[in-house]
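The file final15.csv comes next; it holds CSV, C-alpha atoms.
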chain,number,residue,atom,x,y,z
A,1,MET,CA,84.8,150.8,100.9
A,2,LYS,CA,83.2,152.0,97.6
A,3,LYS,CA,79.5,152.8,97.7
A,4,TYR,CA,77.4,151.5,94.8
A,5,LYS,CA,74.2,152.8,93.5
A,6,ALA,CA,71.3,150.4,92.7
A,7,PHE,CA,71.9,150.8,88.9
A,8,ASP,CA,75.6,149.9,89.3
A,9,VAL,CA,74.4,146.5,90.5
A,10,ILE,CA,71.3,145.7,88.5
A,11,GLY,CA,72.0,147.8,85.4
A,12,PRO,CA,69.8,150.2,83.5
A,13,VAL,CA,66.4,149.8,81.8
A,14,MET,CA,67.5,148.9,78.3
A,15,VAL,CA,67.0,147.0,75.0
A,16,GLY,CA,69.5,144.3,74.4
A,17,PRO,CA,71.4,141.5,76.3
A,18,SER,CA,74.2,143.4,78.1
A,19,SER,CA,74.4,146.6,80.2
A,20,SER,CA,78.1,146.9,79.2
A,21,HIS,CA,78.0,145.9,75.6
A,22,THR,CA,74.6,147.2,74.7
A,23,ALA,CA,73.4,150.0,77.0
A,24,GLY,CA,76.9,151.3,77.6
A,25,ALA,CA,77.7,151.3,73.9
A,26,CYS,CA,74.5,153.2,73.2
A,27,LYS,CA,75.3,155.8,75.9
A,28,ILE,CA,78.8,156.2,74.4
A,29,GLY,CA,77.1,156.9,71.0
A,30,ASN,CA,74.7,159.4,72.7
A,31,ALA,CA,77.6,161.2,74.4
A,32,ALA,CA,79.6,161.3,71.1
A,33,LEU,CA,76.6,162.9,69.4
A,34,ALA,CA,76.3,165.5,72.1
A,35,ILE,CA,80.0,166.3,71.8
A,36,SER,CA,79.6,166.7,68.0
A,37,GLU,CA,77.2,169.5,68.7
A,38,GLY,CA,74.7,168.4,66.1
A,39,ASP,CA,76.9,169.2,63.1
A,40,PRO,CA,75.6,167.4,60.0
A,41,PHE,CA,77.6,164.2,59.3
A,42,HIS,CA,77.2,161.6,56.5
A,43,LYS,CA,79.6,158.9,57.7
A,44,VAL,CA,80.7,157.3,61.0
A,45,GLU,CA,83.5,154.8,61.7
A,46,PHE,CA,83.4,152.8,64.9
A,47,ARG,CA,86.9,151.6,65.8
A,48,LEU,CA,86.4,148.7,68.3
A,49,HIS,CA,88.9,147.7,70.9
A,50,GLY,CA,89.3,144.7,73.2
A,51,SER,CA,86.1,142.7,74.0
A,52,PHE,CA,84.1,145.2,72.0
A,53,ALA,CA,86.0,144.1,69.0
A,54,SER,CA,85.6,140.4,69.9
A,55,THR,CA,81.9,140.2,70.6
A,56,TYR,CA,80.3,143.3,69.1
A,57,ARG,CA,78.0,141.3,66.7
A,58,GLY,CA,76.8,138.8,69.2
A,59,HIS,CA,76.0,141.3,72.0
A,60,GLY,CA,74.4,143.9,69.8
A,61,THR,CA,77.2,146.4,70.4
A,62,ASP,CA,77.1,147.4,66.7
A,63,LEU,CA,73.4,148.1,66.7
A,64,ALA,CA,73.7,150.0,70.0
A,65,LEU,CA,76.6,152.2,68.8
A,66,VAL,CA,74.7,153.1,65.6
A,67,ALA,CA,71.6,153.8,67.7
A,68,GLY,CA,73.6,156.1,70.0
A,69,ILE,CA,74.9,158.4,67.2
A,70,LEU,CA,71.3,158.6,65.8
A,71,GLY,CA,70.0,159.9,69.1
A,72,ILE,CA,68.2,156.7,70.2
A,73,LEU,CA,68.4,156.0,73.9
A,74,PRO,CA,69.2,152.6,75.4
A,75,ASP,CA,65.6,151.8,76.4
A,76,ASP,CA,64.1,152.7,72.9
A,77,ASN,CA,62.9,149.7,70.9
A,78,ARG,CA,64.2,151.4,67.8
A,79,LEU,CA,67.7,150.3,68.9
A,80,ALA,CA,67.2,146.9,67.3
A,81,HIS,CA,66.5,148.6,63.9
A,82,SER,CA,69.3,151.2,64.0
A,83,PHE,CA,71.0,150.0,60.9
A,84,ASP,CA,67.9,150.5,58.8
A,85,ILE,CA,67.2,153.9,60.4
A,86,ALA,CA,70.8,155.1,59.6
A,87,LYS,CA,70.4,154.0,56.0
A,88,GLU,CA,67.1,155.8,55.8
A,89,ARG,CA,68.8,159.0,57.0
A,90,GLY,CA,71.6,158.6,54.5
A,91,ILE,CA,74.3,157.9,57.1
A,92,ASP,CA,77.1,155.4,56.1
A,93,PHE,CA,78.7,153.5,58.9
A,94,SER,CA,81.5,150.9,59.3
A,95,PHE,CA,83.2,148.9,62.0
A,96,LYS,CA,86.9,148.2,62.4
A,97,GLU,CA,88.7,146.1,64.9
A,98,VAL,CA,91.7,147.9,66.3
A,99,ASN,CA,94.1,148.0,69.3
A,100,LEU,CA,93.8,151.4,71.0
A,101,GLY,CA,96.5,150.6,73.6
A,102,GLU,CA,96.9,148.5,76.7
A,103,GLU,CA,95.9,151.4,78.9
A,104,ARG,CA,92.4,151.4,77.4
A,105,HIS,CA,89.5,149.5,79.1
A,106,PRO,CA,88.5,146.3,77.2
A,107,ASN,CA,85.1,147.8,76.3
A,108,THR,CA,86.3,150.8,74.4
A,109,VAL,CA,85.4,152.4,71.0
A,110,GLU,CA,86.7,155.3,69.1
A,111,ILE,CA,83.9,156.9,67.1
A,112,VAL,CA,84.9,159.1,64.1
A,113,PHE,CA,82.4,161.4,62.6
A,114,TYR,CA,82.9,162.6,59.0
A,115,TYR,CA,81.0,165.9,58.5
A,116,ASP,CA,79.3,167.3,55.4
A,117,ASN,CA,81.8,170.2,55.5
A,118,GLY,CA,84.8,167.9,55.1
A,119,GLY,CA,85.9,167.9,58.7
A,120,HIS,CA,86.0,165.1,61.2
A,121,LEU,CA,85.9,164.5,64.9
A,122,SER,CA,86.8,161.5,67.0
A,123,VAL,CA,85.4,160.6,70.5
A,124,THR,CA,86.8,157.7,72.5
A,125,GLY,CA,84.7,156.2,75.2
A,126,SER,CA,84.6,153.1,77.5
A,127,SER,CA,81.7,151.1,78.9
A,128,ILE,CA,82.8,150.5,82.5
A,129,GLY,CA,79.9,148.4,83.8
A,130,GLY,CA,76.3,148.6,84.7
A,131,GLY,CA,75.6,150.9,81.8
A,132,ASN,CA,78.0,153.5,83.0
A,133,ILE,CA,80.5,155.1,80.6
A,134,LEU,CA,83.7,157.1,80.6
A,135,ILE,CA,84.7,159.5,77.8
A,136,VAL,CA,88.5,159.3,77.6
A,137,ALA,CA,89.5,161.3,74.6
A,138,ILE,CA,88.2,163.9,72.1
A,139,ASN,CA,90.5,163.9,69.0
A,140,ASP,CA,93.9,163.7,70.5
A,141,ILE,CA,93.0,165.3,73.8
A,142,GLU,CA,92.9,163.0,76.8
A,143,VAL,CA,90.0,163.7,79.1
A,144,GLU,CA,88.0,161.8,81.7
A,145,PHE,CA,84.3,162.4,82.3
A,146,LYS,CA,81.1,160.4,82.5
A,147,ASN,CA,78.8,162.7,80.6
A,148,GLU,CA,76.5,162.9,83.6
A,149,TYR,CA,76.9,166.7,83.9
A,150,PRO,CA,77.4,169.6,81.5
A,151,THR,CA,81.2,169.8,81.0
A,152,LEU,CA,83.7,172.3,80.0
A,153,ILE,CA,87.0,171.0,78.4
A,154,LEU,CA,89.7,173.6,78.1
A,155,GLN,CA,93.3,173.2,77.0
A,156,TYR,CA,96.1,175.8,77.4
A,157,GLN,CA,99.8,176.3,78.0
A,158,GLU,CA,100.5,176.3,81.8
A,159,GLN,CA,100.0,179.7,83.3
A,160,LYS,CA,98.6,181.4,86.3
A,161,GLY,CA,95.0,182.6,86.7
A,162,VAL,CA,93.2,180.3,84.3
A,163,ILE,CA,91.4,178.1,86.8
A,164,ALA,CA,90.5,181.1,88.9
A,165,MET,CA,89.0,182.8,85.8
A,166,VAL,CA,86.8,179.8,84.9
A,167,SER,CA,85.6,179.1,88.5
A,168,THR,CA,85.0,182.8,89.2
A,169,ASN,CA,83.0,183.3,86.0
A,170,LEU,CA,80.8,180.3,86.8
A,171,THR,CA,80.2,181.0,90.5
A,172,ASN,CA,79.5,184.7,89.8
A,173,HIS,CA,76.7,183.7,87.5
A,174,GLY,CA,75.2,181.3,90.0
A,175,TYR,CA,76.6,178.0,88.8
A,176,ASN,CA,77.9,175.2,91.1
A,177,ILE,CA,80.9,173.2,90.1
A,178,GLU,CA,80.6,169.5,90.5
A,179,THR,CA,84.2,168.6,89.7
A,180,MET,CA,87.3,170.4,88.4
A,181,VAL,CA,90.2,168.3,87.3
A,182,THR,CA,93.5,169.1,85.5
A,183,LYS,CA,95.8,166.9,83.5
A,184,LYS,CA,99.2,168.1,82.6
A,185,ILE,CA,101.5,166.8,79.8
A,186,GLU,CA,104.7,168.7,79.8
A,187,ASP,CA,103.5,172.3,79.6
A,188,THR,CA,100.1,171.6,78.2
A,189,VAL,CA,97.2,171.6,80.7
A,190,THR,CA,93.7,170.1,80.1
A,191,LEU,CA,91.1,171.4,82.4
A,192,VAL,CA,87.8,169.4,82.7
A,193,THR,CA,85.0,171.1,84.7
A,194,GLU,CA,81.7,169.5,85.4
A,195,ILE,CA,78.8,171.9,86.2
A,196,THR,CA,75.7,170.8,88.1
A,197,HIS,CA,73.3,172.2,85.4
A,198,ALA,CA,73.3,173.6,81.9
A,199,VAL,CA,75.3,176.8,81.4
A,200,ASP,CA,73.8,179.7,79.3
A,201,HIS,CA,75.5,181.3,76.4
A,202,LYS,CA,76.2,184.6,78.1
A,203,THR,CA,78.2,182.8,80.8
A,204,LEU,CA,80.0,180.6,78.4
A,205,GLU,CA,81.0,183.2,75.8
A,206,PRO,CA,83.9,184.9,77.7
A,207,ILE,CA,85.3,181.5,78.7
A,208,LEU,CA,85.2,179.8,75.3
A,209,SER,CA,86.5,182.9,73.4
A,210,ASP,CA,89.5,183.4,75.8
A,211,ASP,CA,92.7,183.6,73.7
A,212,ARG,CA,94.6,181.5,76.2
A,213,PHE,CA,92.7,178.4,75.2
A,214,GLU,CA,94.1,176.2,72.4
A,215,PHE,CA,91.0,174.0,72.6
A,216,ALA,CA,87.7,175.1,74.2
A,217,LYS,CA,84.5,173.1,74.2
A,218,TYR,CA,81.3,173.0,76.2
A,219,ILE,CA,79.5,169.6,76.2
A,220,GLY,CA,75.9,169.4,77.3
A,221,THR,CA,74.4,166.1,78.6
A,222,PHE,CA,72.3,164.1,76.2
A,223,ASP,CA,68.9,164.0,77.8
A,224,GLU,CA,65.4,163.0,76.7
A,225,GLU,CA,64.5,166.5,75.5
A,226,GLU,CA,67.6,166.6,73.2
A,227,GLN,CA,66.8,163.0,72.0
A,228,GLU,CA,63.3,164.0,71.0
A,229,ALA,CA,64.6,167.0,69.0
A,230,LEU,CA,67.0,164.8,67.1
A,231,CYS,CA,64.8,161.8,66.4
Could you render the structure as structure tokens?
Amino acid sequence: MKKYKAFDVIGPVMVGPSSSHTAGACKIGNAALAISEGDPFHKVEFRLHGSFASTYRGHGTDLALVAGILGILPDDNRLAHSFDIAKERGIDFSFKEVNLGEERHPNTVEIVFYYDNGGHLSVTGSSIGGGNILIVAINDIEVEFKNEYPTLILQYQEQKGVIAMVSTNLTNHGYNIETMVTKKIEDTVTLVTEITHAVDHKTLEPILSDDRFEFAKYIGTFDEEEQEALC
């Protein structure tokens, strides 16, 4: 039988009417901001799927998503004023109702950042209940993590020695691995590794710069210290 934590049942401390549609939406925005690594952006498009698309105005999902990408946490009273704050910061935003596929959770959004340098990044996340979230895609790369731990996402063509290199590098520098999961599509492998605490640059550099990786990204958690720095 699955064990539930208290916050899985009663939900998080938050501003807004719904742990799934408000707090969860804000956390998806927070996670997307962390994944974007703080690169300056001027526009964000929220592509809403399922019940997010049907009820986003009434449940405050729109306000929560904008708050999230501004670095505002779910229990911050500024969430209710996120539209005005975004406009003050010169950030344009829009909402679009889409179908992201039957396999996606009903409470799912794809967030697309448009950067000042002309580039863009998309992050797809689902609010799975009680304020909990699951990030399921970064650009076209399918992943699965909750943004509860610092995470390495690495993609490469199937070959021996990659998992051993990553795990050895982390453990030799004193880091504990929380989870390590691979997904394989044909010959392309995506390795998602959650680490129990933040990883320093010296440890990350040989992993992220390894020529075997077609995609390599380290994602820190979005905590209160990061939120204070951004707001």
- Message: Neighbouring residues of segment 194-210 of chain A were defined as those with any atom within 10 Å, considering all atoms listed in the file; residues of the same chain fewer than 2 positions away were excluded. Please report them as JSON, numbers by chain.
- Response: {"A": [145, 146, 147, 148, 149, 150, 151, 152, 153, 154, 162, 165, 166, 169, 170, 172, 173, 174, 175, 176, 177, 178, 179, 180, 181, 192, 212, 213, 214, 215, 216, 217, 218, 219, 220, 221]}
- Near Ile69 of chain A, counting all atoms listed in the file, which residues have an atom at most 8 Å away, once you skip same-chain residues fewer than 5 positions from it, shown as a list of chain:residue names?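 Once the adjacent positions are removed, what remains is A:Cys26, A:Gly29, A:Asn30, A:Ala32, A:Leu33.
Compared by their closest atoms to Tyr56 of chain A, and using all atoms listed in the file, the residues A:Glu97, A:Asp75, A:Glu37, A:Glu102 rank with A:Glu97 nearest.
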- Test item: residues at most 6 Å from Val44 of chain A, all atoms listed in the file, excluding those fewer than 5 positions along its chain, as a PyMOL selection string: chain A and resi 93+112-113
- Message: One number please: atom CA of Val123 of chain A to atom CA of Ile138 of chain A, in Å, one decimal.
- Response: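 Computing the Euclidean distance for atom CA of Val123 of chain A and atom CA of Ile138 of chain A yields 4.6 Å.
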- Using only C-alpha atoms, give me every residue within 12 Å of (74.5, 155.7, 56.1) in file coordinates, as a PyMOL selection string. chain A and resi 41-45+66+69-70+82-94+113-114
- Message: Report, in Å to a single decimal, how far apart atom CA of Ala25 of chain A and atom CA of Leu48 of chain A are.
- Response: 10.7 Å
- Query: Which residue out of A:His49, A:Lys184, A:Glu158, A:Thr193 has the minimum interatomic distance to Gly101 of chain A when all atoms listed in the file are used?
  - Reply: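 Among the listed residues, the smallest separation from Gly101 of chain A belongs to A:His49.
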- State, in Å with one decimal place, the distance from atom CA of Thr182 of chain A to atom CA of Val98 of chain A.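 One can read the atom CA of Thr182 of chain A to atom CA of Val98 of chain A distance as 28.7 Å.
Distance annotation: of A:Asn117, A:Thr61, A:Asn99, A:Thr108, the residue with the minimal separation from Pro40 of chain A is A:Asn117; atom set is all atoms listed in the file.
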